[in-house]
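One file, final-v7.tsv, carrying TSV, C-alpha atoms:
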```tsv
chain	number	residue	atom	x	y	z
A	129	GLU	CA	45.66	39.86	-21.34
A	130	GLY	CA	47.57	36.96	-22.83
A	131	LYS	CA	50.20	34.56	-21.54
A	132	ALA	CA	53.10	36.98	-21.88
A	133	LYS	CA	51.56	40.42	-22.41
A	134	ARG	CA	48.78	42.83	-21.53
A	135	VAL	CA	47.31	45.10	-24.20
A	136	TYR	CA	45.79	48.49	-23.37
A	137	ALA	CA	43.66	50.82	-25.46
A	138	THR	CA	44.75	54.43	-25.87
A	139	ASN	CA	42.85	57.59	-26.75
A	140	GLN	CA	43.73	56.87	-30.39
A	141	SER	CA	41.79	53.99	-31.93
A	142	ASP	CA	44.70	52.98	-34.16
A	143	LEU	CA	47.28	52.71	-31.35
A	144	PHE	CA	47.63	50.33	-28.42
A	145	ILE	CA	50.09	49.88	-25.56
A	146	VAL	CA	51.62	46.43	-25.06
A	147	GLU	CA	53.02	45.58	-21.63
A	148	TYR	CA	55.47	42.68	-21.38
A	149	LYS	CA	55.02	40.42	-18.33
A	150	ASP	CA	57.51	38.19	-16.52
A	151	ASP	CA	55.24	35.17	-16.90
A	152	ALA	CA	56.89	32.25	-18.68
A	153	THR	CA	54.88	29.43	-20.23
A	154	ALA	CA	55.71	26.34	-22.24
A	155	PHE	CA	53.84	23.46	-23.83
A	156	ASN	CA	50.82	25.66	-24.59
A	157	GLY	CA	50.62	26.97	-21.05
A	158	GLN	CA	50.96	23.64	-19.24
A	159	LYS	CA	54.26	24.71	-17.66
A	160	LYS	CA	54.32	28.11	-15.95
A	161	ALA	CA	56.75	30.21	-13.93
A	162	GLN	CA	57.81	33.77	-13.20
A	163	LEU	CA	61.19	34.78	-14.64
A	164	GLY	CA	62.57	37.96	-13.11
A	165	GLY	CA	63.14	40.67	-15.71
A	166	LYS	CA	61.93	38.60	-18.69
A	167	GLY	CA	59.39	41.22	-19.72
A	168	VAL	CA	61.98	43.99	-19.59
A	169	VAL	CA	64.42	41.94	-21.70
A	170	ASN	CA	61.87	40.93	-24.34
A	171	ASN	CA	60.52	44.47	-24.65
A	172	ALA	CA	64.04	45.86	-25.05
A	173	ILE	CA	65.06	43.28	-27.66
A	174	THR	CA	61.88	43.73	-29.69
A	175	SER	CA	62.16	47.52	-29.45
A	176	ARG	CA	65.72	47.27	-30.77
A	177	LEU	CA	65.00	44.84	-33.62
A	178	TYR	CA	61.73	46.14	-35.07
A	179	PRO	CA	63.08	49.56	-36.14
A	180	LEU	CA	66.03	47.78	-37.77
A	181	LEU	CA	63.64	45.49	-39.63
A	182	GLU	CA	61.66	48.55	-40.75
A	183	GLN	CA	64.89	50.03	-42.14
A	184	ALA	CA	65.45	46.74	-43.99
A	185	GLY	CA	62.07	47.12	-45.71
A	186	ILE	CA	59.94	44.88	-43.48
A	187	PRO	CA	56.80	46.69	-42.23
A	188	THR	CA	55.91	46.12	-38.57
A	189	HIS	CA	53.28	47.18	-36.05
A	190	PHE	CA	55.93	48.79	-33.82
A	191	VAL	CA	55.75	52.54	-33.11
A	192	GLU	CA	58.00	53.24	-30.13
A	193	GLN	CA	59.24	51.97	-26.77
A	194	LEU	CA	57.31	53.70	-24.03
A	195	SER	CA	59.01	52.33	-20.91
A	196	GLU	CA	61.13	49.39	-19.86
A	197	ARG	CA	58.07	47.12	-20.09
A	198	GLU	CA	55.80	48.94	-22.54
A	199	GLN	CA	55.74	49.79	-26.22
A	200	VAL	CA	53.25	51.52	-28.50
A	201	VAL	CA	52.02	49.50	-31.47
A	202	LYS	CA	49.64	50.02	-34.36
A	203	SER	CA	46.25	48.40	-34.35
A	204	VAL	CA	46.34	45.23	-36.45
A	205	GLN	CA	43.95	42.39	-37.18
A	206	ILE	CA	46.05	39.34	-36.39
A	207	ILE	CA	45.95	36.44	-38.84
A	208	PRO	CA	45.77	33.30	-36.64
A	209	ALA	CA	48.87	31.75	-38.14
A	210	GLU	CA	52.13	31.03	-36.37
A	211	VAL	CA	54.84	31.24	-39.00
A	212	ILE	CA	57.86	29.09	-38.20
A	213	ILE	CA	61.20	29.40	-39.97
A	214	ARG	CA	63.78	26.68	-39.35
A	215	ASN	CA	67.47	26.90	-40.23
A	216	ILE	CA	68.76	24.05	-38.05
A	217	ALA	CA	66.89	20.92	-36.93
A	218	ALA	CA	65.81	21.29	-33.31
A	219	GLY	CA	62.89	20.84	-30.94
A	220	SER	CA	59.67	19.29	-32.20
A	221	PHE	CA	60.91	19.23	-35.80
A	222	ALA	CA	63.96	17.12	-34.95
A	223	LYS	CA	61.82	14.81	-32.81
A	224	ARG	CA	59.07	14.54	-35.42
A	225	LEU	CA	61.45	13.38	-38.15
A	226	ASN	CA	63.99	11.64	-35.88
A	227	ILE	CA	66.76	14.00	-37.02
A	228	LEU	CA	69.76	14.72	-34.83
A	229	GLU	CA	69.24	18.09	-33.15
A	230	GLY	CA	71.75	20.57	-34.55
A	231	THR	CA	71.66	19.24	-38.12
A	232	PRO	CA	71.83	22.24	-40.50
A	233	LEU	CA	69.05	22.41	-43.09
A	234	HIS	CA	70.06	22.96	-46.71
A	235	THR	CA	67.47	25.69	-47.14
A	236	PRO	CA	65.29	27.52	-44.60
A	237	LEU	CA	62.07	25.64	-43.91
A	238	PHE	CA	58.78	27.59	-43.80
A	239	GLU	CA	56.02	26.02	-41.68
A	240	LEU	CA	52.58	27.16	-40.59
A	241	SER	CA	50.58	26.29	-37.50
A	242	PHE	CA	47.06	27.28	-36.56
A	243	LYS	CA	47.23	29.59	-33.55
A	244	ASP	CA	44.94	27.94	-30.98
A	245	ASP	CA	46.23	26.86	-27.56
A	246	ALA	CA	43.29	24.51	-27.00
A	247	LEU	CA	44.27	22.59	-30.14
A	248	GLY	CA	48.00	22.73	-29.38
A	249	ASP	CA	48.77	25.08	-32.30
A	250	PRO	CA	48.64	22.25	-34.87
A	251	LEU	CA	50.77	22.33	-37.99
A	252	VAL	CA	48.65	22.88	-41.09
A	253	PRO	CA	49.38	22.51	-44.81
A	254	ASP	CA	49.78	25.37	-47.23
A	255	GLY	CA	46.41	26.64	-48.36
A	256	THR	CA	44.69	26.16	-44.99
A	257	PHE	CA	44.18	29.84	-44.23
A	258	GLU	CA	42.96	30.59	-47.74
A	259	SER	CA	40.52	27.64	-47.60
A	260	LEU	CA	39.14	28.81	-44.25
A	261	GLY	CA	38.71	32.36	-45.54
A	262	LEU	CA	41.16	33.73	-42.96
A	263	ALA	CA	43.62	35.16	-45.50
A	264	SER	CA	43.90	35.55	-49.23
A	265	SER	CA	46.44	33.78	-51.40
A	266	ALA	CA	48.19	37.11	-51.99
A	267	GLU	CA	48.37	37.77	-48.23
A	268	MET	CA	49.88	34.36	-47.51
A	269	GLN	CA	52.43	34.84	-50.30
A	270	GLU	CA	53.36	38.19	-48.74
A	271	ILE	CA	53.67	36.58	-45.31
A	272	ARG	CA	56.04	33.96	-46.71
A	273	ARG	CA	58.11	36.63	-48.47
A	274	LEU	CA	58.36	38.79	-45.36
A	275	ALA	CA	59.15	35.86	-43.05
A	276	LEU	CA	62.03	34.71	-45.24
A	277	ALA	CA	63.30	38.30	-45.47
A	278	VAL	CA	63.19	38.52	-41.65
A	279	ASN	CA	65.23	35.31	-41.53
A	280	VAL	CA	67.91	36.71	-43.83
A	281	PHE	CA	68.22	39.87	-41.77
A	282	LEU	CA	68.11	38.27	-38.33
A	283	SER	CA	70.44	35.38	-39.18
A	284	ALA	CA	73.17	37.85	-40.16
A	285	PHE	CA	72.38	40.20	-37.25
A	286	PHE	CA	72.62	37.48	-34.62
A	287	LEU	CA	75.67	35.79	-36.16
A	288	GLU	CA	77.57	39.07	-35.95
A	289	ARG	CA	76.87	38.90	-32.22
A	290	GLY	CA	77.94	35.30	-31.73
A	291	LEU	CA	74.50	33.68	-31.94
A	292	LYS	CA	73.04	31.11	-34.35
A	293	LEU	CA	69.40	31.65	-35.27
A	294	VAL	CA	68.22	28.04	-35.13
A	295	ASP	CA	64.51	28.66	-35.66
A	296	PHE	CA	61.86	31.18	-34.71
A	297	LYS	CA	58.17	31.97	-34.93
A	298	LEU	CA	56.48	35.11	-36.20
A	299	GLU	CA	52.99	36.52	-36.28
A	300	PHE	CA	51.53	38.86	-38.88
A	301	GLY	CA	48.46	41.05	-39.09
A	302	ARG	CA	46.63	43.54	-41.29
A	303	LEU	CA	46.62	47.27	-40.84
A	304	PRO	CA	43.24	48.96	-41.44
A	305	ASN	CA	44.37	49.69	-45.01
A	306	GLY	CA	45.06	45.98	-45.61
A	307	THR	CA	48.85	46.12	-45.47
A	308	ILE	CA	50.41	42.97	-44.01
A	309	VAL	CA	52.84	43.79	-41.19
A	310	LEU	CA	54.99	41.89	-38.72
A	311	ALA	CA	53.41	41.90	-35.25
A	312	ASP	CA	53.99	40.36	-31.80
A	313	GLU	CA	57.65	40.13	-30.69
A	314	ILE	CA	61.12	38.77	-31.49
A	315	SER	CA	62.91	37.59	-28.37
A	316	PRO	CA	64.43	34.51	-26.69
A	317	ASP	CA	60.79	33.51	-26.07
A	318	THR	CA	60.14	33.21	-29.81
A	319	CYS	CA	63.60	32.33	-31.18
A	320	ARG	CA	65.96	29.43	-30.63
A	321	LEU	CA	69.36	31.07	-30.25
A	322	TRP	CA	72.57	29.08	-29.71
A	323	ASP	CA	76.00	30.45	-28.95
A	324	SER	CA	77.88	30.23	-32.24
A	325	GLN	CA	81.02	28.82	-30.62
A	326	THR	CA	79.64	26.41	-28.01
A	327	ASP	CA	76.04	25.74	-29.18
A	328	GLU	CA	74.92	26.62	-25.65
A	329	LYS	CA	71.18	27.28	-25.64
A	330	MET	CA	70.40	30.96	-24.96
A	331	ASP	CA	66.62	30.91	-25.19
A	332	LYS	CA	63.33	29.57	-23.82
A	333	ASP	CA	64.57	25.98	-24.16
A	334	ARG	CA	66.46	26.59	-20.93
A	335	PHE	CA	63.04	26.92	-19.28
A	336	ARG	CA	61.32	24.17	-21.30
A	337	ARG	CA	64.06	21.64	-20.55
A	338	ASP	CA	64.87	22.69	-16.98
A	339	LEU	CA	68.45	23.60	-17.89
A	340	GLY	CA	68.65	26.46	-15.38
A	341	GLY	CA	70.20	29.87	-15.94
A	342	VAL	CA	67.19	31.15	-17.86
A	343	GLU	CA	67.36	34.75	-16.65
A	344	GLU	CA	71.13	34.87	-17.20
A	345	ALA	CA	70.78	33.59	-20.77
A	346	TYR	CA	68.12	36.19	-21.58
A	347	GLN	CA	70.29	38.96	-20.14
A	348	GLU	CA	73.24	37.77	-22.22
A	349	VAL	CA	71.17	37.82	-25.40
A	350	LEU	CA	70.03	41.36	-24.57
A	351	ALA	CA	73.62	42.48	-24.01
A	352	ARG	CA	74.66	41.09	-27.40
A	353	VAL	CA	71.63	42.50	-29.24
A	354	MET	CA	72.32	45.98	-27.87
A	355	LYS	CA	75.91	46.04	-29.18
```
Just give me the structure of the file as structure tokens.
Amino acid sequence: EGKAKRVYATNQSDLFIVEYKDDATAFNGQKKAQLGGKGVVNNAITSRLYPLLEQAGIPTHFVEQLSEREQVVKSVQIIPAEVIIRNIAAGSFAKRLNILEGTPLHTPLFELSFKDDALGDPLVPDGTFESLGLASSAEMQEIRRLALAVNVFLSAFFLERGLKLVDFKLEFGRLPNGTIVLADEISPDTCRLWDSQTDEKMDKDRFRRDLGGVEEAYQEVLARVMK
């Protein structure tokens, strides 16, 4: 069990069931709450997007949606890297460089952090995972290629539905045959999404920043994604 999900074994060693919880956390688990229906929304959005990404040539761990809170996924060995793609300056990046939030970036920015809550998921330079023996150079190149391809697809997908993809994080893992695939989820928990007309925040920042209307924003994103 993690912060946002429970993972169950099945009678097939290469398949697992992921259950999405309503638990919301921020600041590496320091802020916690229950958000009604969040797990249902995030499961539905991920279950909608991953097959579309597969069709666009991006391999994923997703197999099928099992219920409103559960999906079947392939067994993967997760690489402990959080991959962050930024299209617009926001959040910690804007604060770190003292850039006005909302400033468009000339090209998408690819960042890596080491996935460890106790360390605060620190940003790390290119080459870290290769140096630690956690991934090969070829695997990290493939992760970069796939992450940028996800960005191209999702940016267009969301914009067609009146949402700007400001930034987002991804996780990747290895299948038993070594293939690198997209894992985890894509949802308002993992993406900054702003209304394309008003720049209203439609994502987890509403929870992080105590803006209110968190559940309503998640439901609105789901409604747009399902169009």
Quiz item: What's the 6 Å shell around region 164-168 of chain A, counting all atoms listed in the file, without same-chain residues fewer than 5 positions away, as a PyMOL selection string?
Solution: chain A and resi 148-150+196-197
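Separating CA of Glu239 (chain A) from CA of Arg224 (chain A) is a distance of 13.4 Å.
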Quiz item: So how many Å separate CA of Ala266 (chain A) and CA of His234 (chain A), to one decimal?
Solution: 26.6 Å
Determine, counting all atoms listed in the file, which protein, DNA and RNA residues have an atom within 10 Å of an atom of Gly306 (chain A); residues of the same chain fewer than 3 positions away are not included. Present the result as a PDB file with C-alpha atoms, in the frame of the given file.
```pdb
ATOM      1  CA  VAL A 204      46.340  45.230 -36.450  1.00  0.00           C
ATOM      2  CA  GLN A 205      43.950  42.390 -37.180  1.00  0.00           C
ATOM      3  CA  GLU A 267      48.370  37.770 -48.230  1.00  0.00           C
ATOM      4  CA  GLY A 301      48.460  41.050 -39.090  1.00  0.00           C
ATOM      5  CA  ARG A 302      46.630  43.540 -41.290  1.00  0.00           C
ATOM      6  CA  LEU A 303      46.620  47.270 -40.840  1.00  0.00           C
ATOM      7  CA  VAL A 309      52.840  43.790 -41.190  1.00  0.00           C
TER       8      VAL A 309
END
```
Which residues of region 253-335 of chain A sit at most 12 Å from region 130-136 of chain A, using only C-alpha atoms? Give each one's shortest atom pair and distance in Å (one decimal place), in chain and ascending residue order, as CSV.
```
residue,atom,partner,partner_atom,distance
A:Asp312,CA,A:Lys133,CA,9.7
A:Glu313,CA,A:Lys133,CA,10.3
A:Ser315,CA,A:Ala132,CA,11.8
A:Asp317,CA,A:Ala132,CA,9.4
A:Thr318,CA,A:Ala132,CA,11.3
```
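Counting only C-alpha atoms and comparing A:Ile227, A:Leu298, A:Val280, A:Leu274, the residue that lies closest to Lys243 (chain A) is A:Leu298.
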Practice problem: Quick one: residues within 10 Å of (55.4, 52.6, -26.4) (file frame), counting all atoms listed in the file, please, as a list in words. | Solution: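 Final list of nearby residues, as requested, is Leu143, Phe144, Ile145, Val146, Glu147, Asn171, Ser175, Phe190, Val191, Glu192, Gln193, Leu194, Ser195, Glu196, Arg197, Glu198, Gln199, Val200 and Val201 of chain A.
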With C-alpha atoms retained, export the selected residues as a PDB file, in the frame of the given file.
```pdb
ATOM      1  CA  LEU A 143      47.280  52.710 -31.350  1.00  0.00           C
ATOM      2  CA  PHE A 144      47.630  50.330 -28.420  1.00  0.00           C
ATOM      3  CA  ILE A 145      50.090  49.880 -25.560  1.00  0.00           C
ATOM      4  CA  VAL A 146      51.620  46.430 -25.060  1.00  0.00           C
ATOM      5  CA  GLU A 147      53.020  45.580 -21.630  1.00  0.00           C
ATOM      6  CA  ASN A 171      60.520  44.470 -24.650  1.00  0.00           C
ATOM      7  CA  SER A 175      62.160  47.520 -29.450  1.00  0.00           C
ATOM      8  CA  PHE A 190      55.930  48.790 -33.820  1.00  0.00           C
ATOM      9  CA  VAL A 191      55.750  52.540 -33.110  1.00  0.00           C
ATOM     10  CA  GLU A 192      58.000  53.240 -30.130  1.00  0.00           C
ATOM     11  CA  GLN A 193      59.240  51.970 -26.770  1.00  0.00           C
ATOM     12  CA  LEU A 194      57.310  53.700 -24.030  1.00  0.00           C
ATOM     13  CA  SER A 195      59.010  52.330 -20.910  1.00  0.00           C
ATOM     14  CA  GLU A 196      61.130  49.390 -19.860  1.00  0.00           C
ATOM     15  CA  ARG A 197      58.070  47.120 -20.090  1.00  0.00           C
ATOM     16  CA  GLU A 198      55.800  48.940 -22.540  1.00  0.00           C
ATOM     17  CA  GLN A 199      55.740  49.790 -26.220  1.00  0.00           C
ATOM     18  CA  VAL A 200      53.250  51.520 -28.500  1.00  0.00           C
ATOM     19  CA  VAL A 201      52.020  49.500 -31.470  1.00  0.00           C
TER      20      VAL A 201
END
```
Exercise. Have a look at CA of Leu177 (chain A) and CA of Leu240 (chain A) and let me know their distance in Å, one decimal.
Key: 22.7 Å
Self-check item: Contacts of Leu339 (chain A) within 12 Å, all atoms listed in the file, excl. fewer than 5 positions in-chain, as JSON, numbers by chain
Solution: {"A": [328, 329, 330, 331, 332, 333, 334, 344, 345]}
Quiz prompt | Selected residue, from A:Gly341, A:Phe335, A:Leu321, A:Val353, that lies nearest to Lys160 (chain A) when counting only C-alpha atoms | solution =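 Closest to Lys160 (chain A), using only C-alpha atoms: A:Phe335.
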Quiz prompt | Pick from A:Ala311, A:Ile213, A:Leu180, A:Ala263 nearest to Phe281 (chain A), counting all atoms listed in the file | solution = A:Leu180
Quiz item: Could you tell me, as a count of residues only, which residues have any atom at most 8 Å from (61.0, 45.2, -38.2), counting only C-alpha atoms?
Solution: 15
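Closest approach to Gly255 (chain A) from the set A:Trp322, A:Phe286, A:Phe155, A:Phe242 is made by A:Phe242, with distances taken over only C-alpha atoms.
The closest residue to Val294 (chain A), picked from A:Leu237, A:Ile206, A:Ala277, A:Leu163 and counting all atoms listed in the file, is A:Leu237.
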Quiz prompt | From A:Leu260, A:Val211, A:Ile216, A:Ile308, residue lying nearest Ser283 (chain A) [only C-alpha atoms] | solution =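 Smallest distance to Ser283 (chain A) is found for A:Ile216.
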Self-check item: Near-Thr235 (chain A) list (12 Å; all atoms listed in the file; drop same-chain fewer than 3 positions) as a ChimeraX atom specification
Solution: /A:213-217,231-232,238,276,279-280
